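Asks: Before we start, here is the structure in question, set down as structure tokens.
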Number of protein chains: 2
Amino acid sequence: MKVAKFGGSSLASGGQLQKVINIIKADPKRKIVVVSAPGKRTKDDTKVTDLLIKYCNTVINNEDPTGIQSKIIQRYRAIGEHFNLPEGELQPIITGIEQLATQVFPSRAYQMAAFKAAGENNNAKLVAAVFNHQGIPAQYMNPKDIGLMVTDVPNDAQILDFSYKQLAGLSEYTKTLVIPGFFGYNQAGEVCTFSRGGSDITGAIVAKAVAAEEYENFTDVDAIYAANPNIIPNPRKITHLTFQEMRELSYAGFSVFHDEALIPAIEGKVPVVVKNTNHPDLPGTLISETKPIDQKNIVSGIASDSGFTGIYLRKYLMNKQVGFTLKLLQILADFGVSYEHMPSGIDDLTIIIRSRELTPDLEAKIQSRIESEIHPDDFQITHNYAMVMIVGEGIQDRIGTMAAATASIAAANVSIVMLNHGASPVSITIGIRDSDADQAVKSLYDTFINHKPVHLMDGIL
Amino acid sequence: MKVAKFGGSSLASGGQLQKVINIIKADPKRKIVVVSAPGKRTKDDTKVTDLLIKYCNTVINNEDPTGIQSKIIQRYRAIGEHFNLPEGELQPIITGIEQLATQVFPSRAYQMAAFKAAGENNNAKLVAAVFNHQGIPAQYMNPKDIGLMVTDVPNDAQILDFSYKQLAGLSEYTKTLVIPGFFGYNQAGEVCTFSRGGSDITGAIVAKAVAAEEYENFTDVDAIYAANPNIIPNPRKITHLTFQEMRELSYAGFSVFHDEALIPAIEGKVPVVVKNTNHPDLPGTLISETKPIDQKNIVSGIASDSGFTGIYLRKYLMNKQVGFTLKLLQILADFGVSYEHMPSGIDDLTIIIRSRELTPDLEAKIQSRIESEIHPDDFQITHNYAMVMIVGEGIQDRIGTMAAATASIAAANVSIVMLNHGASPVSITIGIRDSDADQAVKSLYDTFINHKPVHLMDGIL
């Protein structure tokens, strides 16, 4: 049995849904289908999820919702009409969209979660109806009915472990099941969504629960690329990644497959295949627990992500004080801030944090507590750091990869502000300035993917 | 005014003490002399401090101490006889050594501290007596009388801040003052020593207290070398280091000048000069707050130190948990263990600890608490790591130093197990295996000190 998840662009129109139908028909093992909300049909189109967020805000502001309601309903209707779906079959969807406006919620956070989730939920109903009309015996399954229970965090929930047992029964149906992605229910029965893009997570959870032989993630790219196509034109397609390589690449900006969605796949050891709905015959990218190492192409991908902030502290004899870092991390934890890296010298320490975790006000509060409790000799906050990552199984044991990476960055005339190596066996992470990121990625791509020789510049030393 | 500290080898014999006398006479600014205990006269000799430790254990075991007593007394007598010092002047020293055997102490830790401190204390008495006989008006000063008060940690004390005010008065004497290094008194009046080699610390404290224009540290090497002479034959002599460079080099095994002794010098902005008692005309090594950067020789020294242990943890979604590292460091702090470096990946973390902080029993306890409280997916303890450090002011801003360092290590066929960069502006620290340390230092020395070109090996990538 395979679980197939289709992203928003794969379900944006009747024409796209026809491709999905062909894909499902082509392989009888595809018994569980997880769907996103309809995405963009053209570059300037608006995703249904974004229409729903606007709808929610309209309701909150006590404005007339009928305009935005019909815009949303029209998206579903257009797909139904493409397949000549009788109007009666659209009625549950229309009612579902309209009723949101008058429904009562425990708080605005739950309200927003329910509005957003309606995009997937109604699409699952529609897709199941179309499947049935197109000769695929199908059944819509609501996450509440199948026991997909999540933590009580309205817009950033996580799966509750006992859900897996409840979901295991999904493997016993003969019909093709159509499940909305992106959300579950808390134990009080309220809708809570995963983080944005979370339909991938639903697919992975279901795939783990039914012990699927494969979790197919259909999207609109032929494969995962070895670098961001906006930086490297026509980058190499990756045919095979390990779970860990994918985790590291996701962390630093590879967004094809949702970061958190890997966890259930890893736990269930379910191989993931990222494929293109528009070119289903291409092999795509396989992500699995292990892979044969290609000694000539040890690096799978080069990622980069901006938006990091460094907090630098200097205090003499710091490393003699047991619990110094402890006190520092306690201050960060008190403010709910998690850190990413923490390179340390003898008397100094830099804490790298995602800038989105901070605000100017929070930075001032953190600084004030650090100064009053730790009395550093020096304290500096620096913004606009980027992290570049070179990811590949076996990279840590390979003599010379670090040399090649740092030489490649030097050849691009880029300063290294942080280098944190020694924990992950599959990656090298290098901190640079935001403005240098693209340049560094280009040079690293040339070095590790294109195998262009890199030379240390004369006169460096 | 200069404070001059003489190490054990500079005071090991009458012949050596004669050199000290010449040095003091050569510069009238040398008004305060801090002395170590007599050290080794030949390679196979025993330091007086080690004889005193043996003496202490003899007393503790209720064995006859007369043999070891006379061995110790003979060391001082030999020096006195060299200068024809009347026997009467030796009497306070003989009494001081003998009385230790019957003295009562609050605990064995205080007992050991007092025995060890007797080496310096009696040497200061002897040196003052000899000075007076050789035409240098001199006065022995006991740390208690001059107010050198320390924390109540018998064998690893630290200076109490108010001591500085008390010691400031030392600048007002006209005679040359001879002060024993290595120890002070707690507020209950018991002897507490600094860590081993701590006479350097006394000298630095006194130099800061009297705002000396220079703190001269006389030892038995011509200068601080750019690398360990046991690894690199005839290494380059360093003429000028900044305080921070010295701190970093001391951390990784440069033991010419005591690590902790730098702190008072830094605080008091007192330039330190390391000189050779046997070649006092050589310039030695100046250590000061700033220095002119030599753009062609940006690296001052290459250090390496073995004896590190890595604790590796892996846990999925680790970096999503605020407070994960906090919990981990709390466990270490509960066991009184401080860490050195902590490189982290997305889902993994390595904590580098000095192996001397651990025992097999402690490791097992730490592992057990980590496993029960943090539930890592993977946990490994690896011993026998070494750290190599490349130290030089301005190294962080120089594009290509990291590339050259890692290429140099790769050229030596050495794997990098840890690289922690981004906090210290003056050093690059690289973790490798113990057995690779000498090889790495040799290669880095060739690259950064000898300026031999380093090439990335063909076929690395």
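Residue numbering restarts at 1 in every chain; chains get A, B, ... in the order shown in the structure tokens, and ligands count up from 1 in that same order.
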Apply DSSP to the structure's backbone, then extract all residues of range 191-277 of chain B labelled helix (DSSP H, G or I) and return them as a ChimeraX atom specification.

Replies: /B:199-209,243-251,259-268

Asks: Go ahead and write the selection's residues with N, CA and C atoms as a PDB file, in the first residue's frame.

Replies:
ATOM      1  N   SER B 199      53.051  30.412  41.338  1.00  0.00           N
ATOM      2  CA  SER B 199      53.887  31.572  41.677  1.00  0.00           C
ATOM      3  C   SER B 199      53.717  32.669  40.639  1.00  0.00           C
ATOM      4  N   ASP B 200      53.492  32.261  39.391  1.00  0.00           N
ATOM      5  CA  ASP B 200      53.198  33.241  38.338  1.00  0.00           C
ATOM      6  C   ASP B 200      51.999  34.098  38.725  1.00  0.00           C
ATOM      7  N   ILE B 201      51.033  33.461  39.386  1.00  0.00           N
ATOM      8  CA  ILE B 201      49.804  34.176  39.761  1.00  0.00           C
ATOM      9  C   ILE B 201      50.120  35.228  40.825  1.00  0.00           C
ATOM     10  N   THR B 202      50.895  34.837  41.841  1.00  0.00           N
ATOM     11  CA  THR B 202      51.283  35.793  42.880  1.00  0.00           C
ATOM     12  C   THR B 202      51.965  37.001  42.252  1.00  0.00           C
ATOM     13  N   GLY B 203      52.897  36.730  41.350  1.00  0.00           N
ATOM     14  CA  GLY B 203      53.627  37.819  40.702  1.00  0.00           C
ATOM     15  C   GLY B 203      52.686  38.766  39.975  1.00  0.00           C
ATOM     16  N   ALA B 204      51.715  38.182  39.271  1.00  0.00           N
ATOM     17  CA  ALA B 204      50.790  39.008  38.501  1.00  0.00           C
ATOM     18  C   ALA B 204      49.898  39.826  39.423  1.00  0.00           C
ATOM     19  N   ILE B 205      49.478  39.208  40.531  1.00  0.00           N
ATOM     20  CA  ILE B 205      48.618  39.918  41.493  1.00  0.00           C
ATOM     21  C   ILE B 205      49.361  41.121  42.075  1.00  0.00           C
ATOM     22  N   VAL B 206      50.607  40.875  42.476  1.00  0.00           N
ATOM     23  CA  VAL B 206      51.404  41.955  43.062  1.00  0.00           C
ATOM     24  C   VAL B 206      51.656  43.051  42.015  1.00  0.00           C
ATOM     25  N   ALA B 207      51.953  42.622  40.787  1.00  0.00           N
ATOM     26  CA  ALA B 207      52.216  43.593  39.723  1.00  0.00           C
ATOM     27  C   ALA B 207      51.009  44.478  39.474  1.00  0.00           C
ATOM     28  N   LYS B 208      49.827  43.858  39.503  1.00  0.00           N
ATOM     29  CA  LYS B 208      48.600  44.646  39.327  1.00  0.00           C
ATOM     30  C   LYS B 208      48.413  45.592  40.516  1.00  0.00           C
ATOM     31  N   ALA B 209      48.630  45.056  41.727  1.00  0.00           N
ATOM     32  CA  ALA B 209      48.365  45.835  42.944  1.00  0.00           C
ATOM     33  C   ALA B 209      49.229  47.097  43.008  1.00  0.00           C
ATOM     34  N   PHE B 243      47.520  39.808  25.170  1.00  0.00           N
ATOM     35  CA  PHE B 243      46.994  39.009  26.287  1.00  0.00           C
ATOM     36  C   PHE B 243      46.071  37.901  25.796  1.00  0.00           C
ATOM     37  N   GLN B 244      45.218  38.275  24.838  1.00  0.00           N
ATOM     38  CA  GLN B 244      44.247  37.284  24.400  1.00  0.00           C
ATOM     39  C   GLN B 244      44.909  36.118  23.670  1.00  0.00           C
ATOM     40  N   GLU B 245      45.916  36.432  22.854  1.00  0.00           N
ATOM     41  CA  GLU B 245      46.655  35.348  22.197  1.00  0.00           C
ATOM     42  C   GLU B 245      47.261  34.409  23.247  1.00  0.00           C
ATOM     43  N   MET B 246      47.832  35.008  24.287  1.00  0.00           N
ATOM     44  CA  MET B 246      48.468  34.197  25.327  1.00  0.00           C
ATOM     45  C   MET B 246      47.444  33.329  26.050  1.00  0.00           C
ATOM     46  N   ARG B 247      46.277  33.906  26.348  1.00  0.00           N
ATOM     47  CA  ARG B 247      45.210  33.140  26.996  1.00  0.00           C
ATOM     48  C   ARG B 247      44.879  31.901  26.177  1.00  0.00           C
ATOM     49  N   GLU B 248      44.740  32.098  24.875  1.00  0.00           N
ATOM     50  CA  GLU B 248      44.323  30.988  24.019  1.00  0.00           C
ATOM     51  C   GLU B 248      45.433  29.941  23.922  1.00  0.00           C
ATOM     52  N   LEU B 249      46.672  30.417  23.796  1.00  0.00           N
ATOM     53  CA  LEU B 249      47.784  29.464  23.703  1.00  0.00           C
ATOM     54  C   LEU B 249      47.945  28.693  25.017  1.00  0.00           C
ATOM     55  N   SER B 250      47.782  29.374  26.146  1.00  0.00           N
ATOM     56  CA  SER B 250      47.891  28.704  27.442  1.00  0.00           C
ATOM     57  C   SER B 250      46.854  27.609  27.560  1.00  0.00           C
ATOM     58  N   TYR B 251      45.667  27.919  27.076  1.00  0.00           N
ATOM     59  CA  TYR B 251      44.560  26.967  27.177  1.00  0.00           C
ATOM     60  C   TYR B 251      44.907  25.648  26.518  1.00  0.00           C
ATOM     61  N   ASP B 259      48.321  30.060  33.003  1.00  0.00           N
ATOM     62  CA  ASP B 259      47.027  30.475  32.469  1.00  0.00           C
ATOM     63  C   ASP B 259      46.344  31.548  33.332  1.00  0.00           C
ATOM     64  N   GLU B 260      46.154  31.237  34.602  1.00  0.00           N
ATOM     65  CA  GLU B 260      45.401  32.143  35.479  1.00  0.00           C
ATOM     66  C   GLU B 260      46.180  33.416  35.818  1.00  0.00           C
ATOM     67  N   ALA B 261      47.491  33.363  35.624  1.00  0.00           N
ATOM     68  CA  ALA B 261      48.308  34.522  35.981  1.00  0.00           C
ATOM     69  C   ALA B 261      48.051  35.700  35.046  1.00  0.00           C
ATOM     70  N   LEU B 262      47.504  35.397  33.880  1.00  0.00           N
ATOM     71  CA  LEU B 262      47.250  36.479  32.940  1.00  0.00           C
ATOM     72  C   LEU B 262      46.151  37.418  33.407  1.00  0.00           C
ATOM     73  N   ILE B 263      45.199  36.864  34.169  1.00  0.00           N
ATOM     74  CA  ILE B 263      44.006  37.660  34.505  1.00  0.00           C
ATOM     75  C   ILE B 263      44.367  38.949  35.262  1.00  0.00           C
ATOM     76  N   PRO B 264      45.141  38.873  36.356  1.00  0.00           N
ATOM     77  CA  PRO B 264      45.495  40.133  37.014  1.00  0.00           C
ATOM     78  C   PRO B 264      46.268  41.070  36.088  1.00  0.00           C
ATOM     79  N   ALA B 265      47.135  40.503  35.249  1.00  0.00           N
ATOM     80  CA  ALA B 265      47.907  41.345  34.333  1.00  0.00           C
ATOM     81  C   ALA B 265      46.969  42.055  33.364  1.00  0.00           C
ATOM     82  N   ILE B 266      45.978  41.309  32.863  1.00  0.00           N
ATOM     83  CA  ILE B 266      45.007  41.905  31.941  1.00  0.00           C
ATOM     84  C   ILE B 266      44.211  42.986  32.658  1.00  0.00           C
ATOM     85  N   GLU B 267      43.738  42.653  33.840  1.00  0.00           N
ATOM     86  CA  GLU B 267      42.926  43.613  34.595  1.00  0.00           C
ATOM     87  C   GLU B 267      43.717  44.881  34.901  1.00  0.00           C
ATOM     88  N   GLY B 268      44.985  44.686  35.276  1.00  0.00           N
ATOM     89  CA  GLY B 268      45.814  45.838  35.617  1.00  0.00           C
ATOM     90  C   GLY B 268      46.534  46.437  34.422  1.00  0.00           C
TER      91      GLY B 268
END

Asks: Quick one: contact table of chain A to chain B, 7 Å max, nearest atom pair and distance in Å to one decimal per residue, counting only C-alpha atoms, chain and number order, as JSON lines?

Replies:
{"residue": "A:Glu248", "atom": "CA", "partner": "B:Ile346", "partner_atom": "CA", "distance": 6.5}
{"residue": "A:Lys296", "atom": "CA", "partner": "B:Leu461", "partner_atom": "CA", "distance": 6.8}
{"residue": "A:Asn319", "atom": "CA", "partner": "B:Glu340", "partner_atom": "CA", "distance": 6.8}
{"residue": "A:Gln321", "atom": "CA", "partner": "B:Ser338", "partner_atom": "CA", "distance": 7.0}
{"residue": "A:Val322", "atom": "CA", "partner": "B:Ser338", "partner_atom": "CA", "distance": 4.6}
{"residue": "A:Gly323", "atom": "CA", "partner": "B:Ala333", "partner_atom": "CA", "distance": 5.6}
{"residue": "A:Leu326", "atom": "CA", "partner": "B:Leu329", "partner_atom": "CA", "distance": 5.8}
{"residue": "A:Leu329", "atom": "CA", "partner": "B:Leu326", "partner_atom": "CA", "distance": 5.8}
{"residue": "A:Gln330", "atom": "CA", "partner": "B:Leu326", "partner_atom": "CA", "distance": 6.6}
{"residue": "A:Ala333", "atom": "CA", "partner": "B:Gly323", "partner_atom": "CA", "distance": 5.6}
{"residue": "A:Gly336", "atom": "CA", "partner": "B:Val322", "partner_atom": "CA", "distance": 6.4}
{"residue": "A:Val337", "atom": "CA", "partner": "B:Val322", "partner_atom": "CA", "distance": 6.4}
{"residue": "A:Ser338", "atom": "CA", "partner": "B:Val322", "partner_atom": "CA", "distance": 4.7}
{"residue": "A:Glu340", "atom": "CA", "partner": "B:Asn319", "partner_atom": "CA", "distance": 6.8}
{"residue": "A:His341", "atom": "CA", "partner": "B:Ser344", "partner_atom": "CA", "distance": 5.9}
{"residue": "A:Met342", "atom": "CA", "partner": "B:Met342", "partner_atom": "CA", "distance": 6.7}
{"residue": "A:Pro343", "atom": "CA", "partner": "B:Asn420", "partner_atom": "CA", "distance": 5.5}
{"residue": "A:Ser344", "atom": "CA", "partner": "B:Ala423", "partner_atom": "CA", "distance": 5.2}
{"residue": "A:Gly345", "atom": "CA", "partner": "B:Ser424", "partner_atom": "CA", "distance": 5.0}
{"residue": "A:Ile346", "atom": "CA", "partner": "B:Glu248", "partner_atom": "CA", "distance": 6.5}
{"residue": "A:Asp348", "atom": "CA", "partner": "B:Ala423", "partner_atom": "CA", "distance": 5.6}
{"residue": "A:Leu349", "atom": "CA", "partner": "B:Ala423", "partner_atom": "CA", "distance": 5.0}
{"residue": "A:Thr350", "atom": "CA", "partner": "B:Ala423", "partner_atom": "CA", "distance": 5.1}
{"residue": "A:Asp397", "atom": "CA", "partner": "B:Ser415", "partner_atom": "CA", "distance": 6.7}
{"residue": "A:Ile399", "atom": "CA", "partner": "B:Ser415", "partner_atom": "CA", "distance": 5.2}
{"residue": "A:Gly400", "atom": "CA", "partner": "B:Ala410", "partner_atom": "CA", "distance": 4.9}
{"residue": "A:Met402", "atom": "CA", "partner": "B:Thr406", "partner_atom": "CA", "distance": 6.1}
{"residue": "A:Ala403", "atom": "CA", "partner": "B:Ala407", "partner_atom": "CA", "distance": 4.4}
{"residue": "A:Thr406", "atom": "CA", "partner": "B:Ala403", "partner_atom": "CA", "distance": 4.5}
{"residue": "A:Ala407", "atom": "CA", "partner": "B:Ala403", "partner_atom": "CA", "distance": 4.5}
{"residue": "A:Ala410", "atom": "CA", "partner": "B:Gly400", "partner_atom": "CA", "distance": 4.9}
{"residue": "A:Asn413", "atom": "CA", "partner": "B:Ile399", "partner_atom": "CA", "distance": 6.7}
{"residue": "A:Val414", "atom": "CA", "partner": "B:Ile399", "partner_atom": "CA", "distance": 6.6}
{"residue": "A:Ser415", "atom": "CA", "partner": "B:Ile399", "partner_atom": "CA", "distance": 5.2}
{"residue": "A:Val417", "atom": "CA", "partner": "B:Gly422", "partner_atom": "CA", "distance": 5.4}
{"residue": "A:Met418", "atom": "CA", "partner": "B:Gly422", "partner_atom": "CA", "distance": 4.0}
{"residue": "A:Leu419", "atom": "CA", "partner": "B:His421", "partner_atom": "CA", "distance": 4.8}
{"residue": "A:Asn420", "atom": "CA", "partner": "B:Asn420", "partner_atom": "CA", "distance": 5.0}
{"residue": "A:His421", "atom": "CA", "partner": "B:Leu419", "partner_atom": "CA", "distance": 4.8}
{"residue": "A:Gly422", "atom": "CA", "partner": "B:Met418", "partner_atom": "CA", "distance": 4.0}
{"residue": "A:Ala423", "atom": "CA", "partner": "B:Leu349", "partner_atom": "CA", "distance": 5.0}
{"residue": "A:Ser424", "atom": "CA", "partner": "B:Gly345", "partner_atom": "CA", "distance": 5.0}
{"residue": "A:Phe448", "atom": "CA", "partner": "B:Leu461", "partner_atom": "CA", "distance": 6.8}
{"residue": "A:His451", "atom": "CA", "partner": "B:Leu461", "partner_atom": "CA", "distance": 6.9}
{"residue": "A:Ile460", "atom": "CA", "partner": "B:Gly400", "partner_atom": "CA", "distance": 6.1}
{"residue": "A:Leu461", "atom": "CA", "partner": "B:Phe448", "partner_atom": "CA", "distance": 6.8}

Asks: Taking into account only C-alpha atoms, which residue in the set B:Gln103, B:Ser288, B:Ser355, B:Asn57 is nearest to Tyr215 in chain B?

Replies: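 The closest residue to Tyr215 in chain B is B:Ser288.
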
Asks: Give me, as a VMD selection string, all polymer residues having an atom no more than 7 Å from Thr309 in chain B, counting only C-alpha atoms and skipping those fewer than 2 positions away in the same chain.

Replies: chain B and resid 307 311 352 to 355 382 to 385

Asks: Please produce a file of the residues just selected, as an mmCIF file, in the first residue's frame, where the atoms kept are N, CA and C atoms.

Replies:
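So part-v4.cif came out as:
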data_model
loop_
_atom_site.group_PDB
_atom_site.id
_atom_site.type_symbol
_atom_site.label_atom_id
_atom_site.label_comp_id
_atom_site.auth_asym_id
_atom_site.auth_seq_id
_atom_site.Cartn_x
_atom_site.Cartn_y
_atom_site.Cartn_z
ATOM 1 N N GLY B 307 43.644 14.970 25.682
ATOM 2 C CA GLY B 307 42.860 14.726 26.887
ATOM 3 C C GLY B 307 41.476 15.334 26.863
ATOM 4 N N ILE B 311 30.982 13.810 24.308
ATOM 5 C CA ILE B 311 29.708 13.130 24.581
ATOM 6 C C ILE B 311 28.757 13.522 23.458
ATOM 7 N N ILE B 352 32.177 18.663 24.348
ATOM 8 C CA ILE B 352 33.583 18.332 24.535
ATOM 9 C C ILE B 352 33.984 18.748 25.948
ATOM 10 N N ILE B 353 34.537 17.791 26.673
ATOM 11 C CA ILE B 353 34.873 17.990 28.085
ATOM 12 C C ILE B 353 36.328 17.585 28.282
ATOM 13 N N ARG B 354 37.046 18.257 29.180
ATOM 14 C CA ARG B 354 38.385 17.807 29.551
ATOM 15 C C ARG B 354 38.256 16.441 30.219
ATOM 16 N N SER B 355 39.001 15.476 29.724
ATOM 17 C CA SER B 355 38.872 14.103 30.254
ATOM 18 C C SER B 355 39.162 14.049 31.742
ATOM 19 N N THR B 382 33.156 9.347 23.440
ATOM 20 C CA THR B 382 34.401 9.057 22.731
ATOM 21 C C THR B 382 35.561 9.747 23.452
ATOM 22 N N HIS B 383 36.596 8.982 23.752
ATOM 23 C CA HIS B 383 37.755 9.553 24.436
ATOM 24 C C HIS B 383 38.845 9.909 23.433
ATOM 25 N N ASN B 384 39.934 10.426 23.973
ATOM 26 C CA ASN B 384 41.137 10.630 23.180
ATOM 27 C C ASN B 384 40.989 11.608 22.023
ATOM 28 N N TYR B 385 40.325 12.709 22.314
ATOM 29 C CA TYR B 385 40.342 13.805 21.362
ATOM 30 C C TYR B 385 41.451 14.780 21.757
#

Asks: Restricting the calculation to only C-alpha atoms: of B:Pro376, B:Pro137, B:Pro28, B:Gly184, which residue gets closest to Leu160 in chain B?

Replies: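 Between B:Pro376, B:Pro137, B:Pro28, B:Gly184, the residue approaching Leu160 in chain B most closely is B:Gly184.
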
Asks: Using Å and a single decimal, report how far CA of Ile53 in chain A sits from CA of Leu126 in chain A.

Replies: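 A separation of 20.2 Å between them.
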
Asks: From range 27-70 of chain A, collect each residue whose DSSP state is strand (DSSP E) and return the set as a list in words.

Replies: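 Output for range 27-70 of chain A, strand (DSSP E) only: Arg30, Lys31, Ile32, Val33, Val34 and Val35 of chain A.
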